[in-house]
2 protein chains.
Amino acid sequence: MKFRIYATAVLVMAAAFTGNIVQSQEIGQQQGPQYVSPEIATDLSVTFKVYSPTAQQVAINGSWMGYGETLELTKGAEDVWSVTAGPLEPSMYHYNFFIDGVSAIDPKNPHALRDGVRYASMLIIPGEASEIFEINDVPHGTLSKIWYESPSLKLYRRMYVYTPPGYEKSTEKYPVFYLLHGGGGDEDAWTSLGRANYILDNLIAEGRARPMIIVMTNGNAFQTSSLHTAPGAPELTRENYRQYSGLFEKSLVLDVIPFIENNYRVNASKENRAIAGLSMGGGHTITATTEYPGVFGYIGVFSSGIFDPNADMEGKFMELKKSGFNKYWVGCGKDDFVMESNKRLLDLLQKCDMEYEYYESAGGHTWANWRNYLSVFAPMLF
Amino acid sequence: MKFRIYATAVLVMAAAFTGNIVQSQEIGQQQGPQYVSPEIATDLSVTFKVYSPTAQQVAINGSWMGYGETLELTKGAEDVWSVTAGPLEPSMYHYNFFIDGVSAIDPKNPHALRDGVRYASMLIIPGEASEIFEINDVPHGTLSKIWYESPSLKLYRRMYVYTPPGYEKSTEKYPVFYLLHGGGGDEDAWTSLGRANYILDNLIAEGRARPMIIVMTNGNAFQTSSLHTAPGAPELTRENYRQYSGLFEKSLVLDVIPFIENNYRVNASKENRAIAGLSMGGGHTITATTEYPGVFGYIGVFSSGIFDPNADMEGKFMELKKSGFNKYWVGCGKDDFVMESNKRLLDLLQKCDMEYEYYESAGGHTWANWRNYLSVFAPMLF
C-alpha cells in the first residue's frame, strides 16, 4: 500500500524532470526546443547552445579565453544559437553568455559558481589533469561554515573549516593550514573556485598529503561573511580602504588561530601551522608571517609578492628568517600581471639568503593556477 | 614599512571595486553605464534594471508573481531597461530576467540561489516578517557538509548538518530534527532557499526553540550529492524511477540516524527525534514514520499528503498511533495544488482518531510558506 502512495508521489517527482509541472522548484523555466548545453565531444571540443528567437547577438566568454574576449554564437534550426570551442585541455573552466550584451549563465547548465559579486557557469573537462579536483570515489572530509568572535575587528565573522576524513571519530590531533583568498573573493572562494576540499580529499586518499585541517577565512576586514558588509562600516573607497591595513592579518593570528586551537583537535605549534594565500591573500601571508614571525612553519605565496617597489622589507624578512621556518614556497604564472611584484619577493628572499622554492607555471592570474599550486604545495606540508 | 607595502596591495584591491582591472576575480563584467539593481524604495516597491543596447524584449518573472507570468521592462536613458514592481510584502523572493526570451540572473545583484538545476537572483524585502530568516546579530550555529556511508543505497553520500550555537564547546547531548526537501531539490535546499540555519539561530536566540541539531539529507536516492547522480545509475524516467520507492526512507532510518547518533552528541530516543518534509519530503515523512513507527516523536508534513486517492493507509496509521508520538503537525497553503492530497491526509488522521494540529496558510506551494511552517513547527519540538 505504501508502494501505491509512493508511486504517485514518484510521478509528481518524475514530472518535475520533464518540466510539465512545477514541483517544489519554483524557478521559472524557459519554453522552447530540447537541447543540451554544454556538450563535450570525444575530442574535448565543447558546444554551447542557447535558445532565443529574438536575440540580435549572442556571444560567450570563457576562462580559456582572454579577459573580455568573446566568441559569437550563430543562430541555427529552431532558433537555437550555438558555437563550438576548443578542443579544451582537461581542467575546470567557467563561462558566461552575453545575450544582446547582457551577461547570463547558461540556462541549461546546472553547475554555476560565484566569484565575489559575479556568477558564471562551470565546466569541467575530464581527464588526468582534472582528477585532482574532481569528486572522486575516495573518503571526503567535512566542510563547515563556522562563526567566531574577532575582538581585533570587533566583529562576529564566518569562516570555512575543512576537517579531513575520519576527523569526527578520531582522537588524533591535526596540523592546520590557513588558506587565504584574493581580492574580490571571500571565505567561499577556495572551496567553490579552488575546490580545496576535493583536492585535499584526493591528495590524502593517495597518501600524498597528511590529513590536515584547512581554515579558509574572509580576508575582507570590512565583511562579516561573504557579501555582508559589517554593520556601520563606511562605503569602501580607495582612500578609506587603508584604514583596514594589517587588520585582517592581526585578526588571523590573534583571533582565528586561538579559536581554531580551542575548538578543534589541533597540534598547536609552528611546525603544525601552514599559511598560504593567492594575490591579495599572498600579501596577507607576507604581512602575517613578517609581523608575527615564529607563528607559521610553512609559508606559501601564490601569484603575489611585494607590491610596493619602494618597500623596505629586508629587516622584517631577516626577523622571519631568524625565527625559523620549515618551508617558503612561491608560485607564479609566466604571464601573470603581478610578475614584477613576484620578482621583488624572490629578490628579497635571495638578498636575505632565505631558503625558498620557486615554481613558475604557464598562464596568468587564474584559478587553474591556484588549484595547481595548492596541489603542489599541500603535499610539502607537515 | 609593512604599511607602505600594504597600501599598494590595497590599491590593487580597491581597483577591483571600480572594475578597472581584473584582480583574482576572473569572471567578465559587462561594460556600460552605472546603475543599481534591484533598488528597494521606502514604500517597498522595487525597481529592476538591466543594461542592453540591442535587446528586443526584456521581461522579469519574480516569485511574488504567478509561475510563468512576466512583467515587461522598458528601455530608458543610456539603454538601461527598467520596471518597478510592488510594493512587495517583507519576505524573501527570487526572480529572473528574460533577455529576448533567455532566462538570466540579474548581473548587478550579487545574491543568487539555486533550486535544483536552475538559478535565480535573490531579493529580501526587509521588515518584521523577514527578521525570522535574516542573518541577525545573534549567535550562529555551524553548518557542515558531511559524507556518510549508506549501506541501504550502496552509496557514499552527502548531507548538511546544522549544530546549534555552542555545540562545539558543550558536553550536552542534543535532540535531532531530520528536515527533508521536495522534488527537484537536494541537500542544499533547506539552507539556501529555506534558510533553516538562520531561522533556527533566530528562534534559539529568542528562546523560542530548543537548541537542536538539524539533519538535511538528499532525498533523491539516485544521487550521491546535489547534481551528482550515482555512478552507474540508469537515466531517470517515469518508469524506472519507481525502483527507488521507499529506499530513501529506509536509508534515512537505517543509515542516517545511526550515523548521526554515532558521530554527534545526541539524545537517541523517540522523544528526541523529529522529522518533517515538504512536498515530496512530506511523502518521505509519511512513509518513514509509518514504515518505522516508534522512531520519531515529532512529525511534520508540509504541503504534501496522501498522493494516491486509492491508497489504503489506515492500518499503517493505526500502527503509528499505537507506537505513540508527541506531535503530528500538518501545514498547507489554501491555494496549494496538493490540497486534495493534504485533505486525504487530514481525513485519514481524523478517521484514525489521531491527535494532530493543522495549520492552513495563505498562498501555495512556495518557499515563503515552507520557511513559515519551519518557524512555526520548530518551536513545538522537544
# chains A, B, ... in the order shown; residues from 1 in each chain; ligands from 1

$ select_by_dssp --residues "segment 295-353 of chain B" --states "strand (DSSP E or B)" --output "PyMOL selection string"
chain B and resi 298-302+327-333

$ residues_around --residues "Ser279 of chain A" --least-positions-apart "6" --cutoff "6 Å" --atoms "only C-alpha atoms" --output "list in words"
Gly182, Ser303 and Ser304 of chain A

$ residues_around --residues "segment 136-143 of chain A" --least-positions-apart "5" --cutoff "8 Å" --atoms "only C-alpha atoms" --output "ChimeraX atom specification"
/A:131,160-167,197-198,201-202,205 /B:144-147

$ write_last_selection --atoms "C-alpha atoms" --output "CSV table (one decimal), in the first residue's frame"
chain,number,residue,atom,x,y,z
A,131,GLU,CA,41.2,14.2,-11.4
A,160,TYR,CA,35.0,27.7,6.4
A,161,VAL,CA,36.8,24.8,8.0
A,162,TYR,CA,37.7,21.6,6.3
A,163,THR,CA,38.3,18.6,8.6
A,164,PRO,CA,39.9,15.6,7.0
A,165,PRO,CA,38.1,12.2,6.5
A,166,GLY,CA,38.0,10.4,9.9
A,167,TYR,CA,38.3,13.6,12.0
A,197,ASN,CA,38.3,20.3,-0.1
A,198,TYR,CA,38.3,17.9,-3.0
A,201,ASP,CA,40.4,14.6,-0.2
A,202,ASN,CA,42.3,13.3,-3.2
A,205,ALA,CA,43.5,9.4,-0.3
B,144,SER,CA,28.5,21.3,7.9
B,145,LYS,CA,28.5,19.3,4.6
B,146,ILE,CA,29.4,15.8,5.8
B,147,TRP,CA,29.7,12.5,3.9

$ residues_around --residues "Val46 of chain A" --least-positions-apart "3" --cutoff "12 Å" --atoms "only C-alpha atoms" --output "list in words"
Val36, Ser37, Pro38, Glu39, Ile40, Ala41, Thr42, Asp43, Lys49, Gly62, Trp64, Ser82, Val83, Thr84, Ala85, Gly86, Pro87, Leu88, Glu89, Pro90, Tyr93, Tyr95, Leu123, Ile124, Ile125 and Pro126 of chain A

$ write_last_selection --atoms "C-alpha atoms" --output "mmCIF file, in the first residue's frame"
data_model
loop_
_atom_site.group_PDB
_atom_site.id
_atom_site.type_symbol
_atom_site.label_atom_id
_atom_site.label_comp_id
_atom_site.auth_asym_id
_atom_site.auth_seq_id
_atom_site.Cartn_x
_atom_site.Cartn_y
_atom_site.Cartn_z
ATOM 1 C CA VAL A 36 21.836 20.178 -24.257
ATOM 2 C CA SER A 37 24.464 22.731 -23.256
ATOM 3 C CA PRO A 38 27.360 22.427 -22.791
ATOM 4 C CA GLU A 39 28.142 19.259 -24.725
ATOM 5 C CA ILE A 40 31.674 17.840 -24.608
ATOM 6 C CA ALA A 41 32.702 15.874 -27.709
ATOM 7 C CA THR A 42 35.156 12.965 -27.644
ATOM 8 C CA ASP A 43 37.902 15.259 -28.968
ATOM 9 C CA LYS A 49 23.871 26.362 -27.090
ATOM 10 C CA GLY A 62 35.112 31.515 -21.186
ATOM 11 C CA TRP A 64 40.044 29.542 -21.510
ATOM 12 C CA SER A 82 25.455 27.591 -30.954
ATOM 13 C CA VAL A 83 29.206 27.680 -31.137
ATOM 14 C CA THR A 84 31.899 25.069 -30.681
ATOM 15 C CA ALA A 85 35.093 25.923 -28.802
ATOM 16 C CA GLY A 86 38.264 24.002 -28.253
ATOM 17 C CA PRO A 87 39.304 21.220 -28.042
ATOM 18 C CA LEU A 88 39.973 22.307 -24.439
ATOM 19 C CA GLU A 89 42.615 20.894 -22.132
ATOM 20 C CA PRO A 90 41.225 18.887 -19.193
ATOM 21 C CA TYR A 93 36.543 26.407 -16.617
ATOM 22 C CA TYR A 95 31.916 30.911 -18.861
ATOM 23 C CA LEU A 123 32.500 23.353 -16.876
ATOM 24 C CA ILE A 124 34.884 20.531 -16.065
ATOM 25 C CA ILE A 125 36.673 18.892 -18.991
ATOM 26 C CA PRO A 126 37.508 15.428 -17.694
#

$ atom_distance --atom1 "atom CA of Ser245 of chain B" --atom2 "atom CA of Ala221 of chain B"
8.8 Å

$ closest_residue --among "B:Trp81, B:Trp367, B:Phe248, B:Phe302" --to "chain A" --atoms "only C-alpha atoms"
B:Trp367

$ closest_residue --among "A:Lys108, A:Gly364, A:Asn369, A:Pro293" --to "Met65 of chain A" --atoms "only C-alpha atoms"
A:Gly364

$ closest_residue --among "A:Phe296, A:Trp370, A:Tyr358, A:Phe307" --to "chain B" --atoms "only C-alpha atoms"
A:Phe307

$ decode --residues "segment 102-121 of chain B" --atoms "C-alpha atoms" --output "PDB file, in the first residue's frame"
ATOM      1  CA  VAL B 102      16.701  33.806 -22.402  1.00  0.00           C
ATOM      2  CA  SER B 103      16.494  33.311 -18.633  1.00  0.00           C
ATOM      3  CA  ALA B 104      19.223  35.249 -16.820  1.00  0.00           C
ATOM      4  CA  ILE B 105      20.057  36.244 -13.274  1.00  0.00           C
ATOM      5  CA  ASP B 106      20.395  39.973 -12.577  1.00  0.00           C
ATOM      6  CA  PRO B 107      24.022  40.838 -13.465  1.00  0.00           C
ATOM      7  CA  LYS B 108      24.066  43.622 -10.838  1.00  0.00           C
ATOM      8  CA  ASN B 109      22.711  41.534  -7.947  1.00  0.00           C
ATOM      9  CA  PRO B 110      25.421  39.599  -6.078  1.00  0.00           C
ATOM     10  CA  HIS B 111      22.835  37.402  -4.336  1.00  0.00           C
ATOM     11  CA  ALA B 112      21.604  34.381  -6.266  1.00  0.00           C
ATOM     12  CA  LEU B 113      20.396  30.938  -5.346  1.00  0.00           C
ATOM     13  CA  ARG B 114      19.997  27.530  -6.904  1.00  0.00           C
ATOM     14  CA  ASP B 115      16.807  25.491  -6.816  1.00  0.00           C
ATOM     15  CA  GLY B 116      17.629  22.087  -8.243  1.00  0.00           C
ATOM     16  CA  VAL B 117      19.016  22.702 -11.727  1.00  0.00           C
ATOM     17  CA  ARG B 118      18.006  26.366 -12.026  1.00  0.00           C
ATOM     18  CA  TYR B 119      19.314  29.669 -10.720  1.00  0.00           C
ATOM     19  CA  ALA B 120      17.585  32.905  -9.795  1.00  0.00           C
ATOM     20  CA  SER B 121      18.539  36.227  -8.247  1.00  0.00           C
TER      21      SER B 121
END
